[in-house]
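For reference, structure.cif is printed below; it contains mmCIF, C-alpha atoms.
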data_input
#
loop_
_atom_site.label_atom_id
_atom_site.label_comp_id
_atom_site.auth_asym_id
_atom_site.auth_seq_id
_atom_site.Cartn_x
_atom_site.Cartn_y
_atom_site.Cartn_z
CA MET A 21 0.00 0.00 0.00
CA LEU A 22 1.37 3.41 -1.02
CA THR A 23 1.57 6.08 1.66
CA GLU A 24 1.52 9.82 1.03
CA VAL A 25 5.17 10.01 2.03
CA ALA A 26 6.09 7.24 -0.44
CA ILE A 27 4.27 9.04 -3.25
CA ASP A 28 5.98 12.35 -2.43
CA THR A 29 9.38 10.65 -2.28
CA ALA A 30 8.83 8.92 -5.63
CA ALA A 31 7.62 12.18 -7.19
CA LEU A 32 10.77 14.02 -6.12
CA ARG A 33 12.89 11.13 -7.38
CA THR A 34 11.09 11.32 -10.73
CA LEU A 35 11.91 15.02 -10.99
CA VAL A 36 15.57 14.20 -10.36
CA TYR A 37 15.50 11.78 -13.31
CA VAL A 38 13.85 14.37 -15.51
CA GLY A 39 16.44 16.95 -14.49
CA THR A 40 19.55 14.90 -15.21
CA ILE A 41 18.10 13.47 -18.42
CA ALA A 42 17.26 16.95 -19.69
CA ALA A 43 20.65 18.44 -18.81
CA ALA A 44 22.95 15.53 -19.66
CA GLY A 45 20.81 14.44 -22.59
CA ALA A 46 21.30 17.82 -24.26
CA CYS A 47 25.08 17.36 -24.08
CA LEU A 48 24.87 13.78 -25.34
CA PHE A 49 22.67 14.86 -28.25
CA THR A 50 25.15 17.62 -29.12
CA ALA A 51 28.04 15.15 -29.09
CA THR A 52 26.16 12.62 -31.24
CA PHE A 53 24.52 15.04 -33.70
CA PRO A 54 26.72 18.17 -33.87
CA THR A 55 25.15 19.53 -37.07
CA ALA A 56 21.60 19.12 -35.83
CA ALA A 57 22.61 20.55 -32.44
CA ARG A 58 23.75 23.80 -34.05
CA SER A 59 20.34 24.22 -35.66
CA VAL A 60 18.49 23.78 -32.35
CA ALA A 61 20.95 25.46 -29.98
CA THR A 62 18.18 27.52 -28.37
CA ALA A 63 16.07 24.44 -27.65
CA LEU A 64 19.11 22.70 -26.16
CA ARG A 65 19.90 25.68 -23.94
CA TRP A 66 16.32 25.67 -22.66
CA GLN A 67 16.51 21.93 -22.05
CA ILE A 68 19.68 22.37 -20.01
CA PHE A 69 18.14 25.30 -18.13
CA VAL A 70 15.03 23.32 -17.18
CA GLY A 71 17.09 20.26 -16.19
CA ALA A 72 19.55 22.27 -14.12
CA LEU A 73 16.74 24.21 -12.43
CA LEU A 74 15.00 20.99 -11.41
CA ILE A 75 18.16 19.54 -9.89
CA LEU A 76 19.11 22.77 -8.12
CA LEU A 77 15.63 22.98 -6.58
CA VAL A 78 14.78 19.33 -5.93
CA GLU A 79 18.05 17.91 -4.62
CA PRO A 80 18.43 20.44 -1.76
CA LEU A 81 14.77 19.80 -0.88
CA ARG A 82 15.40 16.05 -0.78
CA LEU A 83 18.43 16.60 1.46
CA ILE A 84 16.40 18.80 3.80
CA LEU A 85 13.67 16.17 4.00
CA PHE A 86 16.29 13.52 4.71
CA GLN A 87 17.74 15.58 7.55
CA LEU A 88 14.26 16.03 9.01
CA ALA A 89 13.53 12.30 8.67
CA ILE A 90 16.63 11.19 10.58
CA SER A 91 15.89 13.73 13.33
CA GLY A 92 12.27 12.69 13.76
CA GLY A 93 11.02 15.99 12.32
CA ASP A 94 12.94 18.13 14.80
CA ALA A 95 14.30 20.98 12.64
CA GLU A 96 16.58 22.31 15.38
CA LEU A 97 18.20 18.89 15.76
CA ALA A 98 18.25 18.22 12.00
CA PHE A 99 20.28 21.34 11.25
CA GLY A 100 22.16 21.58 14.51
CA PRO A 101 25.90 20.91 14.79
CA ASP A 102 25.49 17.18 15.48
CA LEU A 103 23.45 16.24 12.38
CA ARG A 104 23.92 19.20 10.04
CA TRP A 105 26.12 17.37 7.54
CA MET A 106 24.79 13.86 8.15
CA ALA A 107 23.17 13.66 4.69
CA PHE A 108 26.55 14.04 2.99
CA GLU A 109 27.93 11.09 4.93
CA MET A 110 25.26 8.86 3.41
CA PRO A 111 25.18 7.45 -0.16
CA ASN A 112 22.07 9.46 -1.07
CA GLY A 113 23.67 12.71 0.00
CA GLN A 114 26.93 11.95 -1.81
CA ALA A 115 24.99 11.07 -4.96
CA ALA A 116 23.01 14.31 -4.70
CA ALA A 117 26.19 16.35 -4.28
CA THR A 118 27.73 14.65 -7.33
CA ARG A 119 24.60 15.38 -9.38
CA LEU A 120 24.55 19.00 -8.29
CA ALA A 121 28.21 19.43 -9.26
CA GLY A 122 27.73 17.65 -12.59
CA VAL A 123 24.66 19.65 -13.56
CA ALA A 124 26.41 22.87 -12.53
CA LEU A 125 29.19 22.03 -15.00
CA ILE A 126 26.63 21.33 -17.71
CA ALA A 127 24.80 24.60 -17.04
CA ALA A 128 28.03 26.61 -17.08
CA PHE A 129 29.87 24.94 -19.96
CA GLY A 130 27.55 22.42 -21.62
CA LEU A 131 27.22 23.91 -25.10
CA ARG A 132 30.05 26.44 -24.94
CA PHE A 133 32.75 23.88 -24.09
CA LEU A 134 31.31 20.44 -24.73
CA PRO A 135 34.13 18.34 -23.18
CA VAL A 136 33.39 19.88 -19.78
CA GLY A 137 29.68 19.42 -20.38
CA LEU A 138 30.31 15.74 -21.06
CA ILE A 139 32.29 15.45 -17.83
CA GLY A 140 29.31 16.93 -16.04
CA SER A 141 27.05 14.48 -17.86
CA ALA A 142 29.24 11.57 -16.75
CA MET A 143 29.01 12.82 -13.16
CA ALA A 144 25.22 13.07 -13.40
CA VAL A 145 24.91 9.56 -14.84
CA GLY A 146 27.50 8.09 -12.48
CA SER A 147 25.80 9.57 -9.42
CA TYR A 148 23.05 6.95 -9.66
CA ALA A 149 25.57 4.18 -8.96
CA LEU A 150 26.44 5.78 -5.62
CA GLU A 151 23.04 5.17 -4.04
CA GLY A 152 20.01 2.93 -3.97
CA HIS A 153 19.74 -0.84 -4.17
CA THR A 154 23.09 -1.26 -5.97
CA ALA A 155 25.17 0.58 -3.39
CA GLY A 156 26.92 -1.04 -0.49
CA SER A 157 26.13 -4.68 -1.28
CA SER A 158 28.11 -7.71 -2.36
CA ARG A 159 26.51 -7.30 -5.79
CA THR A 160 27.73 -3.76 -6.27
CA VAL A 161 30.19 -4.38 -9.12
CA TRP A 162 27.88 -6.25 -11.49
CA ALA A 163 24.81 -4.28 -10.52
CA SER A 164 26.63 -0.96 -10.86
CA ILE A 165 28.01 -1.81 -14.31
CA ALA A 166 24.53 -2.76 -15.51
CA LEU A 167 23.05 0.32 -13.87
CA LEU A 168 25.57 2.70 -15.47
CA LEU A 169 24.98 1.27 -18.94
CA HIS A 170 21.21 1.35 -18.47
CA VAL A 171 21.15 4.91 -17.13
CA ALA A 172 23.62 6.26 -19.70
CA VAL A 173 21.62 4.96 -22.67
CA ALA A 174 18.36 6.18 -21.12
CA HIS A 175 19.85 9.67 -20.77
CA TRP A 176 20.94 9.65 -24.41
CA TRP A 177 17.69 8.22 -25.78
CA ILE A 178 15.11 10.17 -23.77
CA GLY A 179 17.26 13.29 -23.61
CA SER A 180 17.56 13.34 -27.42
CA LEU A 181 13.85 13.17 -28.22
CA TRP A 182 12.95 16.84 -27.77
CA PRO A 183 15.96 18.24 -29.70
CA LEU A 184 15.39 15.61 -32.39
CA ALA A 185 11.81 16.81 -32.83
CA ALA A 186 13.02 20.43 -32.92
CA SER A 187 15.73 19.61 -35.47
CA VAL A 188 13.19 18.05 -37.83
CA LYS A 189 11.63 21.51 -38.11
CA ALA A 190 14.85 23.56 -37.98
CA LEU A 191 17.21 21.63 -40.28
CA PRO A 192 17.43 22.20 -44.03
CA HIS A 193 15.11 19.82 -45.87
CA SER A 194 18.05 17.93 -47.33
CA ALA A 195 19.41 17.06 -43.86
CA VAL A 196 16.24 16.00 -42.04
CA ALA A 197 15.97 12.43 -43.28
CA ALA A 198 19.71 11.78 -42.84
CA THR A 199 19.61 13.04 -39.23
CA VAL A 200 16.58 10.95 -38.29
CA GLU A 201 18.10 7.90 -39.99
CA ARG A 202 21.31 8.43 -38.04
CA PHE A 203 19.32 8.62 -34.82
CA GLY A 204 17.64 5.33 -35.74
CA HIS A 205 21.04 3.77 -36.45
CA TRP A 206 22.38 4.83 -33.04
CA ALA A 207 19.20 3.67 -31.33
CA THR A 208 19.45 0.26 -33.00
CA MET A 209 22.88 -0.19 -31.42
CA LEU A 210 22.24 1.35 -28.02
CA VAL A 211 18.68 0.37 -27.08
CA PRO A 212 19.56 -3.36 -26.87
CA VAL A 213 22.30 -2.35 -24.41
CA LEU A 214 19.67 -0.52 -22.34
CA LEU A 215 17.36 -3.55 -22.36
CA ILE A 216 20.03 -6.14 -21.58
CA ALA A 217 21.61 -4.01 -18.86
CA GLY A 218 18.21 -3.31 -17.32
CA SER A 219 17.33 -7.00 -17.33
CA VAL A 220 20.64 -7.99 -15.74
CA LEU A 221 20.26 -5.27 -13.11
CA PHE A 222 16.76 -6.43 -12.20
CA LEU A 223 17.72 -10.09 -11.98
CA VAL A 224 20.79 -9.36 -9.88
CA LEU A 225 18.80 -7.21 -7.47
CA VAL A 226 16.10 -9.87 -6.95
CA SER A 227 18.72 -12.64 -6.74
CA TRP A 228 17.37 -14.20 -9.96
CA THR A 229 14.06 -14.98 -8.23
CA LEU A 230 10.77 -13.84 -9.77
CA GLU A 231 8.01 -13.19 -7.27
CA PHE A 232 5.26 -11.06 -8.76
CA THR A 233 3.36 -10.82 -5.49
CA SER A 234 6.11 -8.37 -4.57
CA PHE A 235 5.04 -4.75 -5.09
CA TYR A 236 8.57 -4.00 -6.30
CA GLN A 237 8.36 -6.59 -9.06
CA GLN A 238 4.84 -5.49 -9.98
CA ILE A 239 6.13 -1.99 -10.63
CA ILE A 240 8.97 -3.48 -12.70
CA ALA A 241 6.39 -5.41 -14.75
CA ALA A 242 4.44 -2.20 -15.40
CA LYS A 243 7.66 -0.47 -16.39
CA VAL A 244 8.54 -3.27 -18.81
CA ALA A 245 5.09 -3.06 -20.41
CA THR A 246 5.53 0.69 -20.91
CA VAL A 247 9.01 0.19 -22.38
CA VAL A 248 7.56 -2.34 -24.84
CA ALA A 249 4.98 0.26 -25.93
CA LEU A 250 7.74 2.84 -26.34
CA LEU A 251 9.83 0.43 -28.40
CA ALA A 252 6.82 -0.35 -30.60
CA ILE A 253 6.42 3.34 -31.40
CA ALA A 254 10.15 3.75 -32.02
CA THR A 255 10.08 0.76 -34.39
CA PHE A 256 7.12 2.25 -36.26
CA ASN A 257 9.05 5.51 -36.57
CA LYS A 258 12.08 3.75 -38.00
CA PHE A 259 10.31 1.61 -40.59
CA ALA A 260 7.22 3.66 -41.46
CA ILE A 261 7.74 7.35 -40.71
CA THR A 262 11.47 7.79 -41.38
CA PRO A 263 11.32 6.53 -45.02
CA ARG A 264 8.39 8.90 -45.58
CA LEU A 265 10.68 11.85 -44.82
CA ARG A 266 12.37 11.29 -48.20
CA THR A 267 9.12 11.25 -50.18
CA ASP A 268 6.80 13.52 -48.19
CA LEU A 269 8.87 15.70 -45.90
CA THR A 270 6.03 17.89 -44.65
CA GLY A 271 3.70 15.03 -43.80
CA GLY A 272 6.49 12.81 -42.54
CA ALA A 273 7.90 15.54 -40.28
CA LYS A 274 4.47 16.27 -38.81
CA ALA A 275 3.87 12.58 -38.15
CA LEU A 276 7.31 12.19 -36.58
CA ARG A 277 6.88 15.14 -34.23
CA GLY A 278 3.52 13.75 -33.11
CA SER A 279 5.04 10.33 -32.57
CA ILE A 280 7.92 11.79 -30.57
CA ALA A 281 5.40 13.60 -28.35
CA VAL A 282 3.81 10.23 -27.56
CA GLU A 283 7.28 8.76 -26.91
CA LEU A 284 8.03 11.57 -24.46
CA ALA A 285 4.77 10.92 -22.61
CA LEU A 286 5.58 7.22 -22.35
CA ALA A 287 9.16 8.00 -21.31
CA PHE A 288 7.85 10.22 -18.51
CA SER A 289 5.58 7.37 -17.39
CA ILE A 290 8.62 5.10 -17.28
CA LEU A 291 10.47 7.64 -15.14
CA VAL A 292 7.50 7.85 -12.74
CA LEU A 293 7.51 4.06 -12.39
CA THR A 294 11.28 4.10 -11.94
CA GLY A 295 10.82 6.69 -9.20
CA PHE A 296 8.61 4.22 -7.36
CA VAL A 297 11.00 1.33 -8.05
CA THR A 298 14.00 3.13 -6.60
CA THR A 299 12.12 4.26 -3.49
CA THR A 300 10.48 0.86 -2.80
CA SER A 301 11.99 -1.88 -0.67
CA LEU A 302 13.10 -4.90 -2.68
CA GLY A 303 11.29 -7.16 -0.29
CA SER A 304 8.10 -5.17 -0.07
CA GLY A 305 4.95 -7.09 -0.76
CA HIS A 306 2.62 -4.13 -0.32
#

Take the structure from the file and write it as structure tokens.
Amino acid sequence: MLTEVAIDTAALRTLVYVGTIAAAGACLFTATFPTAARSVATALRWQIFVGALLILLVEPLRLILFQLAISGGDAELAFGPDLRWMAFEMPNGQAAATRLAGVALIAAFGLRFLPVGLIGSAMAVGSYALEGHTAGSSRTVWASIALLLHVAVAHWWIGSLWPLAASVKALPHSAVAATVERFGHWATMLVPVLLIAGSVLFLVLVSWTLEFTSFYQQIIAAKVATVVALLAIATFNKFAITPRLRTDLTGGAKALRGSIAVELALAFSILVLTGFVTTTSLGSGH
């Protein structure tokens, strides 16, 4: 059974995902599609701004709530000399600090000096391996490798959708189809990595035991179903809409932007479910 606190915690966690995906995804899109990135530089700057703003607002709030939780709601104790820096001694606090630093680098240098933006992106992605179910266990190495691959590809894929849609409208007609085809080529190589890494991560975390009476595994099942729907749309884009860009650019571009909007909605649903997954006990049956 979900409590109000659990829902609030998952909601904040979801906003963290949205923030790092927006900020780091803009840098990853720029590195992968430099020509398209130049044509949608304004959209990318806005994406970084929104992502950085979310992290700069949400992560301090999460740290404050953590301090209050460990002090039993006593604000004077939570921020007194004894517990003031307790959050940063815990994996969640260290991960939050890493994300804040990484997103700050992206906001300051992301598009102006891409190598530094990519370092910030790596920090944002890597921060997720510092906390949660993969941290501090005997399974850390394998689980963390799978997690990093899974999270990195998710940041590239989801973070590229909005600038890809914008580039379809902004690029010269001659470059639209080639850019979308290149995105499909990259996705064909990387999405299987996301799926395999996600599957390995899940199986390692549940000790290779499926038990769908577990609330945790039920959320995972819902997430998998949503990912399948997202992949179905992406496959339709690749084999039906993308070829149309070469014969009917106006109609094909309109169809693609509409399809990407649906993909973004499904991706957000996946992030919401992931927010619940990462804030739910592995052994919870409620």

Pairwise distance for CA of Ile41 in chain A and CA of Gln237 in chain A, rounded to one decimal in Å: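 If I compute the distance from CA of Ile41 in chain A to CA of Gln237 in chain A, I get 24.2 Å.
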
Result set of the PyMOL selection byres ((chain A and resi 220) around 12) on the coordinates above, as a list of chain:residue names: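 Taken on the displayed file, the PyMOL selection byres ((chain A and resi 220) around 12) yields the residues A:Arg159, A:Trp162, A:Ala163, A:Ser164, A:Ile165, A:Ala166, A:Leu167, A:Leu168, A:Leu169, A:His170, A:Val213, A:Leu214, A:Leu215, A:Ile216, A:Ala217, A:Gly218, A:Ser219, A:Leu221, A:Phe222, A:Leu223, A:Val224, A:Leu225, A:Val226, A:Ser227, A:Trp228.
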
d(CA of Thr118 in chain A, CA of Ala44 in chain A) in Å: 13.3 Å

Explicit residue set for the PyMOL selection byres ((chain A and resi 68) around 8), as a PyMOL selection string: chain A and resi 42-44+46+64-67+69-72+126-127

Given the selection you just returned, output its residues as a file containing C-alpha atoms, formatted as a JSON list (two decimals), keeping the file's coordinate frame.
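And here's selection09.json as it stands now:
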[["chain", "number", "residue", "atom", "x", "y", "z"],
["A", 42, "ALA", "CA", 17.26, 16.95, -19.69],
["A", 43, "ALA", "CA", 20.65, 18.44, -18.81],
["A", 44, "ALA", "CA", 22.95, 15.53, -19.66],
["A", 46, "ALA", "CA", 21.30, 17.82, -24.26],
["A", 64, "LEU", "CA", 19.11, 22.70, -26.16],
["A", 65, "ARG", "CA", 19.90, 25.68, -23.94],
["A", 66, "TRP", "CA", 16.32, 25.67, -22.66],
["A", 67, "GLN", "CA", 16.51, 21.93, -22.05],
["A", 69, "PHE", "CA", 18.14, 25.30, -18.13],
["A", 70, "VAL", "CA", 15.03, 23.32, -17.18],
["A", 71, "GLY", "CA", 17.09, 20.26, -16.19],
["A", 72, "ALA", "CA", 19.55, 22.27, -14.12],
["A", 126, "ILE", "CA", 26.63, 21.33, -17.71],
["A", 127, "ALA", "CA", 24.80, 24.60, -17.04]]

Residues within 12 Å of Phe129 in chain A, only C-alpha atoms, excluding chain neighbours under 4 positions, as a ChimeraX atom specification: /A:43-44,46-47,65,68-69,122-125,133-141

I'd like the neighbourhood of range 279-290 of chain A as a PDB file with C-alpha atoms, in the frame of the given file, where a residue qualifies if any of its atoms comes within 6 Å (using all atoms listed in the file), though same-chain residues fewer than 3 positions away should be ignored.
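Here's the written file out-v7.pdb:
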ATOM      1  CA  LYS A 243       7.660  -0.470 -16.390  1.00  0.00           C
ATOM      2  CA  LEU A 250       7.740   2.840 -26.340  1.00  0.00           C
ATOM      3  CA  LEU A 276       7.310  12.190 -36.580  1.00  0.00           C
ATOM      4  CA  LEU A 293       7.510   4.060 -12.390  1.00  0.00           C
TER       5      LEU A 293
END

Closest of A:Gly179, A:Gly152, A:Gly45, A:Gly272 to Val196 in chain A - atom-to-atom distances counting only C-alpha atoms: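 Of all the options, A:Gly272 lies closest to Val196 in chain A.
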
Two-atom distance - CA of Glu151 in chain A, CA of Leu131 in chain A (Å):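 Atom-to-atom, CA of Glu151 in chain A and CA of Leu131 in chain A are spaced 28.5 Å apart.
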
Ground truth for the PyMOL selection byres ((chain A and resi 197) around 8), written as a PyMOL selection string: chain A and resi 193-196+198-201+262-263+265-266

Given all atoms listed in the file as the counted atoms, nearest of A:Ala61, A:Leu48, A:Met143, A:Ala115 to Pro80 in chain A: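 Counting all atoms listed in the file, the residue closest to Pro80 in chain A is A:Ala115.
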
Using all atoms listed in the file: which of A:Thr55, A:Thr294, A:Ser91, A:Thr34 has the shortest distance to Tyr236 in chain A: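 Closest residue, counting all atoms listed in the file: A:Thr294.
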
Of the listed residues A:Phe49, A:Trp177, A:Trp182, A:Phe235, that which approaches Ala207 in chain A most closely, counting only C-alpha atoms: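 Of all the options, A:Trp177 lies closest to Ala207 in chain A.
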
Exercise: residues within 10 Å of coordinate (22.3, 12.9, 3.8), counting all atoms listed in the file, as a list in words: Arg82, Leu83, Ile84, Leu85, Phe86, Gln87, Ile90, Leu103, Arg104, Trp105, Met106, Ala107, Phe108, Glu109, Met110, Pro111, Asn112, Gly113, Gln114, Ala115, Ala116 and Ala117 of chain A

Residue with smallest distance to Leu35 in chain A - pool A:Leu291, A:Val297, A:Val145, A:Ile261, counting all atoms listed in the file: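 Closest to Leu35 in chain A, using all atoms listed in the file: A:Leu291.
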